[in-house]
$ cat structure.cif   # mmCIF, C-alpha atoms
data_protein
loop_
_atom_site.group_PDB
_atom_site.id
_atom_site.type_symbol
_atom_site.label_atom_id
_atom_site.label_comp_id
_atom_site.auth_asym_id
_atom_site.auth_seq_id
_atom_site.Cartn_x
_atom_site.Cartn_y
_atom_site.Cartn_z
ATOM 1 C CA MET A 10 119.696 119.155 167.832
ATOM 2 C CA ILE A 11 120.070 118.781 164.059
ATOM 3 C CA VAL A 12 118.761 121.340 161.562
ATOM 4 C CA SER A 13 118.482 120.825 157.803
ATOM 5 C CA ARG A 14 117.810 123.549 155.241
ATOM 6 C CA THR A 15 116.255 122.422 151.968
ATOM 7 C CA PRO A 16 115.384 124.689 149.018
ATOM 8 C CA LEU A 17 112.080 125.122 147.265
ATOM 9 C CA ARG A 18 112.091 125.106 143.471
ATOM 10 C CA LEU A 19 110.897 126.978 140.393
ATOM 11 C CA PRO A 20 110.177 124.730 137.371
ATOM 12 C CA LEU A 21 111.265 126.315 134.095
ATOM 13 C CA GLY A 22 110.113 123.772 131.517
ATOM 14 C CA GLY A 23 109.051 120.176 131.037
ATOM 15 C CA GLY A 24 107.072 119.824 134.264
ATOM 16 C CA GLY A 25 104.542 116.998 134.208
ATOM 17 C CA THR A 26 106.791 114.676 132.196
ATOM 18 C CA ASP A 27 108.317 113.518 135.506
ATOM 19 C CA LEU A 28 105.173 111.577 136.444
ATOM 20 C CA PRO A 29 105.455 107.774 136.157
ATOM 21 C CA SER A 30 102.316 107.657 134.005
ATOM 22 C CA TYR A 31 104.211 109.650 131.342
ATOM 23 C CA TYR A 32 107.894 108.755 131.638
ATOM 24 C CA SER A 33 107.211 105.002 131.842
ATOM 25 C CA LYS A 34 105.944 105.203 128.251
ATOM 26 C CA HIS A 35 107.781 108.149 126.727
ATOM 27 C CA GLY A 36 110.679 109.145 128.992
ATOM 28 C CA GLY A 37 110.694 112.478 130.807
ATOM 29 C CA SER A 38 112.844 115.583 130.582
ATOM 30 C CA LEU A 39 112.651 118.904 132.396
ATOM 31 C CA VAL A 40 114.689 121.841 133.646
ATOM 32 C CA SER A 41 114.172 123.553 136.988
ATOM 33 C CA VAL A 42 115.971 125.866 139.395
ATOM 34 C CA ALA A 43 116.140 125.883 143.192
ATOM 35 C CA ILE A 44 115.487 129.166 144.990
ATOM 36 C CA ASN A 45 116.665 130.663 148.276
ATOM 37 C CA LYS A 46 113.380 129.992 150.019
ATOM 38 C CA TYR A 47 113.672 127.031 152.329
ATOM 39 C CA VAL A 48 112.055 124.371 154.455
ATOM 40 C CA TYR A 49 113.839 123.937 157.785
ATOM 41 C CA VAL A 50 113.433 120.616 159.587
ATOM 42 C CA ILE A 51 114.657 120.332 163.174
ATOM 43 C CA LEU A 52 115.241 116.944 164.782
ATOM 44 C CA ASN A 53 116.112 116.522 168.443
ATOM 45 C CA LYS A 54 116.642 113.503 170.671
ATOM 46 C CA ASN A 55 113.684 113.159 173.024
ATOM 47 C CA PHE A 56 114.062 112.785 176.782
ATOM 48 C CA ASP A 57 111.777 109.744 176.776
ATOM 49 C CA LYS A 58 110.857 107.144 174.160
ATOM 50 C CA SER A 59 107.883 109.019 172.705
ATOM 51 C CA ILE A 60 107.847 110.509 169.213
ATOM 52 C CA LYS A 61 106.783 114.140 168.951
ATOM 53 C CA ALA A 62 105.956 115.772 165.615
ATOM 54 C CA SER A 63 104.999 119.449 165.436
ATOM 55 C CA TYR A 64 103.500 120.925 162.264
ATOM 56 C CA ARG A 65 99.974 122.385 161.875
ATOM 57 C CA LYS A 66 99.153 120.176 164.836
ATOM 58 C CA ILE A 67 101.194 118.500 167.553
ATOM 59 C CA GLU A 68 101.428 114.732 167.780
ATOM 60 C CA VAL A 69 102.904 112.864 170.733
ATOM 61 C CA VAL A 70 102.784 109.088 170.297
ATOM 62 C CA GLU A 71 104.397 106.006 171.775
ATOM 63 C CA LYS A 72 104.265 103.842 168.631
ATOM 64 C CA LEU A 73 105.552 104.678 165.151
ATOM 65 C CA ASP A 74 102.387 103.408 163.454
ATOM 66 C CA ALA A 75 100.306 105.883 165.468
ATOM 67 C CA ILE A 76 101.864 108.896 163.717
ATOM 68 C CA GLU A 77 99.290 110.560 161.472
ATOM 69 C CA HIS A 78 101.729 112.655 159.418
ATOM 70 C CA PRO A 79 102.567 110.276 156.547
ATOM 71 C CA LEU A 80 105.976 111.734 155.678
ATOM 72 C CA VAL A 81 107.153 111.716 159.286
ATOM 73 C CA ARG A 82 105.932 108.164 159.806
ATOM 74 C CA GLU A 83 107.482 106.714 156.653
ATOM 75 C CA CYS A 84 110.776 108.615 156.898
ATOM 76 C CA LEU A 85 111.250 107.311 160.430
ATOM 77 C CA ARG A 86 110.288 103.799 159.354
ATOM 78 C CA LEU A 87 112.669 103.827 156.376
ATOM 79 C CA MET A 88 115.543 105.023 158.549
ATOM 80 C CA GLY A 89 114.817 102.574 161.366
ATOM 81 C CA VAL A 90 114.140 105.249 163.995
ATOM 82 C CA HIS A 91 111.181 104.039 166.042
ATOM 83 C CA GLU A 92 111.335 106.104 169.226
ATOM 84 C CA GLY A 93 112.772 109.003 171.170
ATOM 85 C CA VAL A 94 112.809 111.915 168.705
ATOM 86 C CA GLU A 95 111.151 115.317 168.324
ATOM 87 C CA ILE A 96 110.572 116.827 164.877
ATOM 88 C CA PHE A 97 109.699 120.445 164.095
ATOM 89 C CA SER A 98 109.567 122.355 160.828
ATOM 90 C CA MET A 99 109.399 125.895 159.472
ATOM 91 C CA ALA A 100 109.151 127.180 155.909
ATOM 92 C CA ASP A 101 109.681 130.429 154.027
ATOM 93 C CA ALA A 102 106.482 129.883 152.017
ATOM 94 C CA PRO A 103 103.073 128.372 152.764
ATOM 95 C CA GLY A 104 102.396 124.772 151.778
ATOM 96 C CA ASN A 105 100.170 123.763 148.857
ATOM 97 C CA THR A 106 101.458 126.631 146.713
ATOM 98 C CA GLY A 107 103.381 124.773 143.995
ATOM 99 C CA LEU A 108 106.952 125.276 145.211
ATOM 100 C CA GLY A 109 107.606 121.659 146.163
ATOM 101 C CA SER A 110 107.466 122.108 149.934
ATOM 102 C CA SER A 111 106.227 118.586 150.748
ATOM 103 C CA SER A 112 109.149 116.949 148.963
ATOM 104 C CA ALA A 113 111.565 119.495 150.440
ATOM 105 C CA TYR A 114 110.267 118.508 153.883
ATOM 106 C CA CYS A 115 110.731 114.819 153.084
ATOM 107 C CA VAL A 116 114.287 115.319 151.793
ATOM 108 C CA GLY A 117 115.171 117.565 154.743
ATOM 109 C CA LEU A 118 113.853 115.077 157.300
ATOM 110 C CA LEU A 119 115.780 112.233 155.658
ATOM 111 C CA ASN A 120 118.912 114.388 155.760
ATOM 112 C CA ASP A 121 118.351 115.002 159.486
ATOM 113 C CA LEU A 122 117.849 111.299 160.146
ATOM 114 C CA TYR A 123 121.069 110.365 158.338
ATOM 115 C CA ALA A 124 122.928 112.909 160.461
ATOM 116 C CA TYR A 125 121.175 111.573 163.582
ATOM 117 C CA LYS A 126 122.534 108.115 162.749
ATOM 118 C CA ARG A 127 125.968 109.655 162.071
ATOM 119 C CA LYS A 128 125.858 108.842 158.389
ATOM 120 C CA ALA A 129 126.163 110.947 155.255
ATOM 121 C CA ALA A 130 123.799 110.712 152.295
ATOM 122 C CA SER A 131 124.465 111.931 148.760
ATOM 123 C CA PRO A 132 121.863 114.089 146.976
ATOM 124 C CA GLN A 133 121.101 111.087 144.749
ATOM 125 C CA VAL A 134 120.313 108.897 147.764
ATOM 126 C CA LEU A 135 118.174 111.584 149.418
ATOM 127 C CA ALA A 136 116.219 112.156 146.202
ATOM 128 C CA GLU A 137 115.629 108.480 145.460
ATOM 129 C CA GLU A 138 114.578 107.645 149.005
ATOM 130 C CA ALA A 139 112.181 110.608 149.072
ATOM 131 C CA CYS A 140 110.710 109.383 145.758
ATOM 132 C CA ARG A 141 110.358 105.910 147.218
ATOM 133 C CA ILE A 142 108.437 107.264 150.204
ATOM 134 C CA GLU A 143 106.156 109.683 148.354
ATOM 135 C CA ILE A 144 105.511 107.768 145.133
ATOM 136 C CA ASP A 145 106.013 104.064 145.925
ATOM 137 C CA ILE A 146 104.920 103.851 149.561
ATOM 138 C CA LEU A 147 102.387 106.673 149.942
ATOM 139 C CA LYS A 148 101.136 106.383 146.334
ATOM 140 C CA GLU A 149 101.002 110.146 145.806
ATOM 141 C CA PRO A 150 100.204 110.956 142.135
ATOM 142 C CA ILE A 151 103.303 113.135 141.808
ATOM 143 C CA GLY A 152 106.554 113.093 139.876
ATOM 144 C CA LYS A 153 110.279 113.038 140.668
ATOM 145 C CA GLN A 154 111.137 116.674 140.021
ATOM 146 C CA ASP A 155 110.547 118.054 143.511
ATOM 147 C CA GLN A 156 112.622 115.476 145.382
ATOM 148 C CA TYR A 157 115.607 115.829 143.056
ATOM 149 C CA MET A 158 115.505 119.624 143.069
ATOM 150 C CA ALA A 159 115.296 119.686 146.864
ATOM 151 C CA ALA A 160 118.291 117.366 147.160
ATOM 152 C CA PHE A 161 120.527 118.796 144.413
ATOM 153 C CA GLY A 162 119.607 122.496 144.220
ATOM 154 C CA GLY A 163 120.974 124.709 141.457
ATOM 155 C CA LEU A 164 119.851 125.003 137.863
ATOM 156 C CA THR A 165 119.256 121.380 137.016
ATOM 157 C CA LYS A 166 118.199 119.337 134.006
ATOM 158 C CA MET A 167 116.594 115.976 134.712
ATOM 159 C CA ASP A 168 116.256 113.209 132.151
ATOM 160 C CA ILE A 169 114.102 110.278 133.231
ATOM 161 C CA GLU A 170 114.273 106.928 131.479
ATOM 162 C CA LYS A 171 111.270 104.650 131.059
ATOM 163 C CA ASP A 172 112.448 102.506 133.970
ATOM 164 C CA GLY A 173 112.505 105.578 136.237
ATOM 165 C CA LYS A 174 116.271 106.095 136.299
ATOM 166 C CA VAL A 175 117.066 109.798 136.653
ATOM 167 C CA THR A 176 120.131 111.485 135.159
ATOM 168 C CA VAL A 177 120.917 114.905 136.589
ATOM 169 C CA SER A 178 123.019 117.494 134.750
ATOM 170 C CA SER A 179 123.711 121.216 134.982
ATOM 171 C CA PRO A 180 123.073 123.380 131.897
ATOM 172 C CA MET A 181 126.167 125.415 131.040
ATOM 173 C CA LEU A 182 125.322 129.109 131.319
ATOM 174 C CA SER A 183 127.526 132.168 131.358
ATOM 175 C CA GLN A 184 127.477 134.307 134.502
ATOM 176 C CA ASP A 185 125.703 137.044 132.533
ATOM 177 C CA SER A 186 122.959 134.620 131.492
ATOM 178 C CA PHE A 187 122.508 133.413 135.074
ATOM 179 C CA GLU A 188 122.160 136.971 136.328
ATOM 180 C CA LYS A 189 119.825 137.981 133.520
ATOM 181 C CA LEU A 190 117.558 135.000 134.137
ATOM 182 C CA GLU A 191 117.501 135.615 137.890
ATOM 183 C CA ASN A 192 116.805 139.337 137.510
ATOM 184 C CA ASN A 193 114.043 138.937 134.919
ATOM 185 C CA LEU A 194 111.990 136.289 136.730
ATOM 186 C CA LEU A 195 109.361 137.849 138.995
ATOM 187 C CA MET A 196 107.126 135.722 141.201
ATOM 188 C CA PHE A 197 103.779 136.709 142.715
ATOM 189 C CA TYR A 198 101.377 135.002 145.107
ATOM 190 C CA THR A 199 97.905 134.377 143.687
ATOM 191 C CA GLY A 200 96.318 134.081 147.115
ATOM 192 C CA PHE A 201 95.055 130.567 146.406
ATOM 193 C CA GLN A 202 96.320 127.333 147.943
ATOM 194 C CA ARG A 203 95.678 123.908 146.445
ATOM 195 C CA SER A 204 96.717 120.282 146.706
ATOM 196 C CA ALA A 205 99.015 119.149 143.894
ATOM 197 C CA SER A 206 97.629 115.635 144.239
ATOM 198 C CA GLU A 207 94.110 116.820 143.426
ATOM 199 C CA VAL A 208 95.253 118.695 140.315
ATOM 200 C CA LEU A 209 97.572 115.931 139.082
ATOM 201 C CA ARG A 210 95.108 113.091 139.567
ATOM 202 C CA ASP A 211 93.131 113.992 136.411
ATOM 203 C CA GLN A 212 96.301 114.377 134.341
ATOM 204 C CA ASN A 213 97.648 111.106 135.682
ATOM 205 C CA GLU A 214 94.531 109.137 134.784
ATOM 206 C CA ALA A 215 94.318 110.683 131.322
ATOM 207 C CA THR A 216 97.976 109.847 130.654
ATOM 208 C CA LYS A 217 97.532 106.265 131.844
ATOM 209 C CA ASN A 218 94.587 105.932 129.475
ATOM 210 C CA ASP A 219 96.623 107.371 126.570
ATOM 211 C CA GLU A 220 94.187 110.222 126.000
ATOM 212 C CA SER A 221 95.702 111.851 122.935
ATOM 213 C CA ALA A 222 95.027 115.482 123.890
ATOM 214 C CA VAL A 223 96.746 115.229 127.282
ATOM 215 C CA VAL A 224 99.654 113.087 126.053
ATOM 216 C CA GLY A 225 100.140 115.378 123.058
ATOM 217 C CA ASN A 226 100.345 118.438 125.294
ATOM 218 C CA LEU A 227 102.858 116.689 127.550
ATOM 219 C CA HIS A 228 104.970 115.918 124.466
ATOM 220 C CA ARG A 229 104.771 119.627 123.623
ATOM 221 C CA ILE A 230 105.721 120.628 127.168
ATOM 222 C CA LYS A 231 108.764 118.326 127.005
ATOM 223 C CA GLU A 232 109.815 119.936 123.701
ATOM 224 C CA ILE A 233 109.420 123.409 125.205
ATOM 225 C CA GLY A 234 111.566 122.373 128.181
ATOM 226 C CA ALA A 235 114.320 121.306 125.779
ATOM 227 C CA LYS A 236 114.055 124.644 123.944
ATOM 228 C CA ILE A 237 114.283 126.549 127.233
ATOM 229 C CA CYS A 238 117.440 124.643 128.158
ATOM 230 C CA SER A 239 118.949 125.231 124.711
ATOM 231 C CA SER A 240 118.089 128.946 124.814
ATOM 232 C CA LEU A 241 119.717 129.366 128.214
ATOM 233 C CA GLU A 242 122.893 127.565 127.163
ATOM 234 C CA GLY A 243 123.008 129.619 123.971
ATOM 235 C CA GLY A 244 122.710 132.921 125.834
ATOM 236 C CA ARG A 245 119.260 133.629 124.360
ATOM 237 C CA VAL A 246 117.708 134.284 127.753
ATOM 238 C CA ASP A 247 114.949 136.554 126.427
ATOM 239 C CA ASP A 248 113.525 133.574 124.533
ATOM 240 C CA ILE A 249 112.278 132.323 127.909
ATOM 241 C CA GLY A 250 109.289 134.679 127.989
ATOM 242 C CA PRO A 251 107.576 133.458 124.803
ATOM 243 C CA LEU A 252 108.501 129.856 125.670
ATOM 244 C CA PHE A 253 106.869 130.279 129.096
ATOM 245 C CA HIS A 254 103.731 131.470 127.320
ATOM 246 C CA GLU A 255 103.698 128.409 125.053
ATOM 247 C CA HIS A 256 104.272 126.207 128.095
ATOM 248 C CA TRP A 257 101.345 127.784 129.955
ATOM 249 C CA MET A 258 99.003 127.436 126.988
ATOM 250 C CA ALA A 259 99.838 123.725 126.741
ATOM 251 C CA LYS A 260 99.603 123.219 130.491
ATOM 252 C CA THR A 261 96.102 124.671 130.769
ATOM 253 C CA LYS A 262 94.925 121.934 128.414
ATOM 254 C CA LEU A 263 96.074 119.134 130.738
ATOM 255 C CA SER A 264 93.181 119.526 133.192
ATOM 256 C CA ASP A 265 90.362 121.956 133.906
ATOM 257 C CA LYS A 266 91.811 122.262 137.428
ATOM 258 C CA VAL A 267 95.064 123.886 136.238
ATOM 259 C CA SER A 268 93.633 127.401 135.975
ATOM 260 C CA ASN A 269 90.500 129.368 136.844
ATOM 261 C CA PRO A 270 89.080 132.800 135.913
ATOM 262 C CA SER A 271 90.968 134.575 138.725
ATOM 263 C CA ILE A 272 94.304 133.075 137.666
ATOM 264 C CA ASP A 273 93.556 133.819 134.007
ATOM 265 C CA ALA A 274 92.914 137.460 134.948
ATOM 266 C CA LEU A 275 96.232 137.689 136.822
ATOM 267 C CA TYR A 276 98.057 136.194 133.849
ATOM 268 C CA GLU A 277 96.469 138.697 131.458
ATOM 269 C CA THR A 278 97.395 141.532 133.827
ATOM 270 C CA GLY A 279 101.010 140.422 133.749
ATOM 271 C CA MET A 280 101.077 140.129 129.968
ATOM 272 C CA ARG A 281 99.641 143.642 129.585
ATOM 273 C CA ASN A 282 102.202 145.166 131.923
ATOM 274 C CA GLY A 283 105.650 144.182 130.723
ATOM 275 C CA ALA A 284 105.812 140.388 130.920
ATOM 276 C CA THR A 285 106.654 138.485 127.736
ATOM 277 C CA GLY A 286 105.432 135.210 129.198
ATOM 278 C CA GLY A 287 104.622 133.457 132.424
ATOM 279 C CA LYS A 288 103.063 130.432 134.026
ATOM 280 C CA LEU A 289 101.655 129.117 137.253
ATOM 281 C CA ILE A 290 104.264 127.236 139.286
ATOM 282 C CA GLY A 291 103.699 123.580 140.068
ATOM 283 C CA ALA A 292 100.668 121.491 139.193
ATOM 284 C CA GLY A 293 98.300 124.452 138.952
ATOM 285 C CA GLY A 294 95.107 125.599 140.624
ATOM 286 C CA GLY A 295 96.754 128.283 142.772
ATOM 287 C CA GLY A 296 99.975 129.140 144.538
ATOM 288 C CA PHE A 297 102.551 131.317 142.791
ATOM 289 C CA ILE A 298 102.713 132.707 139.276
ATOM 290 C CA VAL A 299 106.037 133.583 137.649
ATOM 291 C CA PHE A 300 106.611 136.035 134.801
ATOM 292 C CA TYR A 301 109.596 136.706 132.591
ATOM 293 C CA CYS A 302 109.873 140.494 132.462
ATOM 294 C CA PRO A 303 112.911 141.952 130.650
ATOM 295 C CA GLU A 304 111.746 145.563 131.041
ATOM 296 C CA SER A 305 109.094 147.599 132.896
ATOM 297 C CA LYS A 306 109.489 145.581 136.086
ATOM 298 C CA GLY A 307 108.123 148.453 138.162
ATOM 299 C CA LYS A 308 105.009 148.581 136.003
ATOM 300 C CA LEU A 309 104.458 144.844 136.427
ATOM 301 C CA ARG A 310 104.934 145.044 140.199
ATOM 302 C CA GLN A 311 102.432 147.891 140.498
ATOM 303 C CA ALA A 312 99.861 146.115 138.340
ATOM 304 C CA MET A 313 100.114 142.906 140.342
ATOM 305 C CA ALA A 314 99.972 144.769 143.658
ATOM 306 C CA ALA A 315 96.754 146.413 142.468
ATOM 307 C CA LYS A 316 95.368 142.887 141.983
ATOM 308 C CA ASN A 317 96.377 141.938 145.561
ATOM 309 C CA ALA A 318 99.099 139.615 144.269
ATOM 310 C CA PRO A 319 102.190 140.430 146.379
ATOM 311 C CA GLU A 320 105.661 139.825 144.992
ATOM 312 C CA PHE A 321 107.736 136.949 146.375
ATOM 313 C CA PRO A 322 111.351 138.070 145.787
ATOM 314 C CA PHE A 323 113.967 135.331 145.461
ATOM 315 C CA LYS A 324 117.445 134.425 144.299
ATOM 316 C CA PHE A 325 118.747 131.078 143.069
ATOM 317 C CA ASP A 326 120.074 128.401 145.436
ATOM 318 C CA PHE A 327 123.050 126.253 144.413
ATOM 319 C CA GLU A 328 123.559 124.098 147.502
ATOM 320 C CA GLY A 329 120.540 121.813 147.760
ATOM 321 C CA SER A 330 119.568 120.200 151.055
ATOM 322 C CA LYS A 331 122.240 120.646 153.711
ATOM 323 C CA ILE A 332 122.715 120.252 157.443
ATOM 324 C CA VAL A 333 123.187 123.765 158.833
ATOM 325 C CA PHE A 334 123.395 122.861 162.534
ATOM 326 C CA ASN A 335 124.697 119.675 164.144
ATOM 327 C CA PRO A 336 126.852 120.454 167.183
#
$ encode --input "structure.cif" --output "structure tokens"
Amino acid sequence: MIVSRTPLRLPLGGGGTDLPSYYSKHGGSLVSVAINKYVYVILNKNFDKSIKASYRKIEVVEKLDAIEHPLVRECLRLMGVHEGVEIFSMADAPGNTGLGSSSAYCVGLLNDLYAYKRKAASPQVLAEEACRIEIDILKEPIGKQDQYMAAFGGLTKMDIEKDGKVTVSSPMLSQDSFEKLENNLLMFYTGFQRSASEVLRDQNEATKNDESAVVGNLHRIKEIGAKICSSLEGGRVDDIGPLFHEHWMAKTKLSDKVSNPSIDALYETGMRNGATGGKLIGAGGGGFIVFYCPESKGKLRQAMAAKNAPEFPFKFDFEGSKIVFNP
């Protein structure tokens, strides 16, 4: 039995510029951090030649092409494993909530399959192959952030060239800045789940068509991401709150599916109770909302609890996807 552990992620700035519709024309840049909430993927050799995949449903098939779960099917196909395996998964957070769980699952399964074939894969290889499966093969209207964050972990800056080449680097922060950032970020569950693909489809089409309002806001989001990175490296961690607010204002203009009255009300509650800025995590439409709160954290927690938005405590992860069991 082989078990991989792959982190979920919290985008800090520049999200949306990692979509091919944007970076192929303008180049993308963003900064994100992995958190200690994980997707666990378990792979075991099957007694017979069937393939068994357990998730929200259980599939037992004799032929690879009969697998309904697209990530399972294409990961197995890419790795040349056509029979005799069982695959299970567990996660620390529900899916469709903006934390990058689908890509974390894809990266984790690829990591398992490399170990199953007694090979090692670098984070770069895991990320690129996950991108190939999700974006090139399955044609999901998503970007490259989630796959790279799942594979690399840590606080990571991604620069994406027009040809899709990704350069990964680590912003240089003092230990005090790391701790301050980690302590002042508070995440809450909105109670809504949504499909990132549905939310991103509108943005993708508008970007492809060079709609000036959407492209202009993505330019702004990329600039804000650069400012967030610069502020962190310069020790100006409290700048993150107002920059989050600017980011959220620009993001809500990308699509009418990004927010809704319930999410707007939660955001206003946070801003009235100690937060200096915040934003919905991921594509939008639901999932988790994060606030930067330098003071009055107890007040913010109480206010969000009163709105039935439970806190989702976390720390940062610096390891990325790893095999945690392979006897």
$ residues_around --input "structure.cif" --residues "segment 93-100 of chain A" --least-positions-apart "4" --cutoff "9 Å" --atoms "only C-alpha atoms" --output "PyMOL selection string"
chain A and resi 46-64+69+71+81+104+110+114+118
$ atom_distance --input "structure.cif" --atom1 "atom CA of Lys189 of chain A" --atom2 "atom CA of Thr106 of chain A"
25.3 Å
$ resolve_selection --input "structure.cif" --expression "the PyMOL selection byres ((chain A and resi 125) around 12)" --output "PyMOL selection string"
chain A and resi 10-13+51-54+85+88-90+93-96+118-124+126-130+332+334-336
$ closest_residue --input "structure.cif" --among "A:Gly24, A:Arg82, A:Lys308, A:Glu138" --to "Glu68 of chain A" --atoms "only C-alpha atoms"
A:Arg82
$ atom_distance --input "structure.cif" --atom1 "atom CA of Tyr157 of chain A" --atom2 "atom CA of Cys140 of chain A"
8.5 Å
$ residues_around --input "structure.cif" --residues "segment 274-282 of chain A" --least-positions-apart "2" --cutoff "8 Å" --atoms "only C-alpha atoms" --output "list in words"
Thr199, Pro270, Ser271, Ile272, Ala284, Thr285, Gly286, Gly287, Lys288, Ile298, Phe300, Ser305, Lys308, Leu309, Ala312, Met313 and Lys316 of chain A
$ closest_residue --input "structure.cif" --among "A:Ala318, A:Ala75, A:Leu135, A:Leu21" --to "Gly200 of chain A" --atoms "only C-alpha atoms"
A:Ala318
$ atom_distance --input "structure.cif" --atom1 "atom CA of Val246 of chain A" --atom2 "atom CA of Asn193 of chain A"
9.3 Å
$ closest_residue --input "structure.cif" --among "A:Ala139, A:Ile151, A:Cys115, A:Leu108" --to "His78 of chain A" --atoms "all atoms listed in the file"
A:Cys115
$ closest_residue --input "structure.cif" --among "A:Pro180, A:Ser111, A:Ala259, A:Glu143" --to "Leu87 of chain A" --atoms "all atoms listed in the file"
A:Glu143
$ closest_residue --input "structure.cif" --among "A:Thr261, A:Ser38, A:Gln202, A:Thr26" --to "Val224 of chain A" --atoms "all atoms listed in the file"
A:Thr26
$ residues_around --input "structure.cif" --residues "Glu232 of chain A" --least-positions-apart "6" --cutoff "12 Å" --atoms "only C-alpha atoms" --output "VMD selection string"
chain A and resid 22 to 24 26 37 to 40 225 to 226 238 to 239 252 255 to 256 259
$ closest_residue --input "structure.cif" --among "A:Asp265, A:Glu320, A:Asp155, A:Glu242" --to "Leu19 of chain A" --atoms "only C-alpha atoms"
A:Asp155
$ resolve_selection --input "structure.cif" --expression "the PyMOL selection byres ((chain A and resi 158) around 8)" --output "list in words"
Pro16, Leu17, Arg18, Ser41, Val42, Ala43, Gln154, Asp155, Gln156, Tyr157, Ala159, Ala160, Phe161, Gly162, Gly163, Thr165 and Gly329 of chain A
$ resolve_selection --input "structure.cif" --expression "the PyMOL selection byres ((chain A and resi 217) around 12)" --output "VMD selection string"
chain A and resid 28 to 35 150 210 to 216 218 to 221 223 to 224
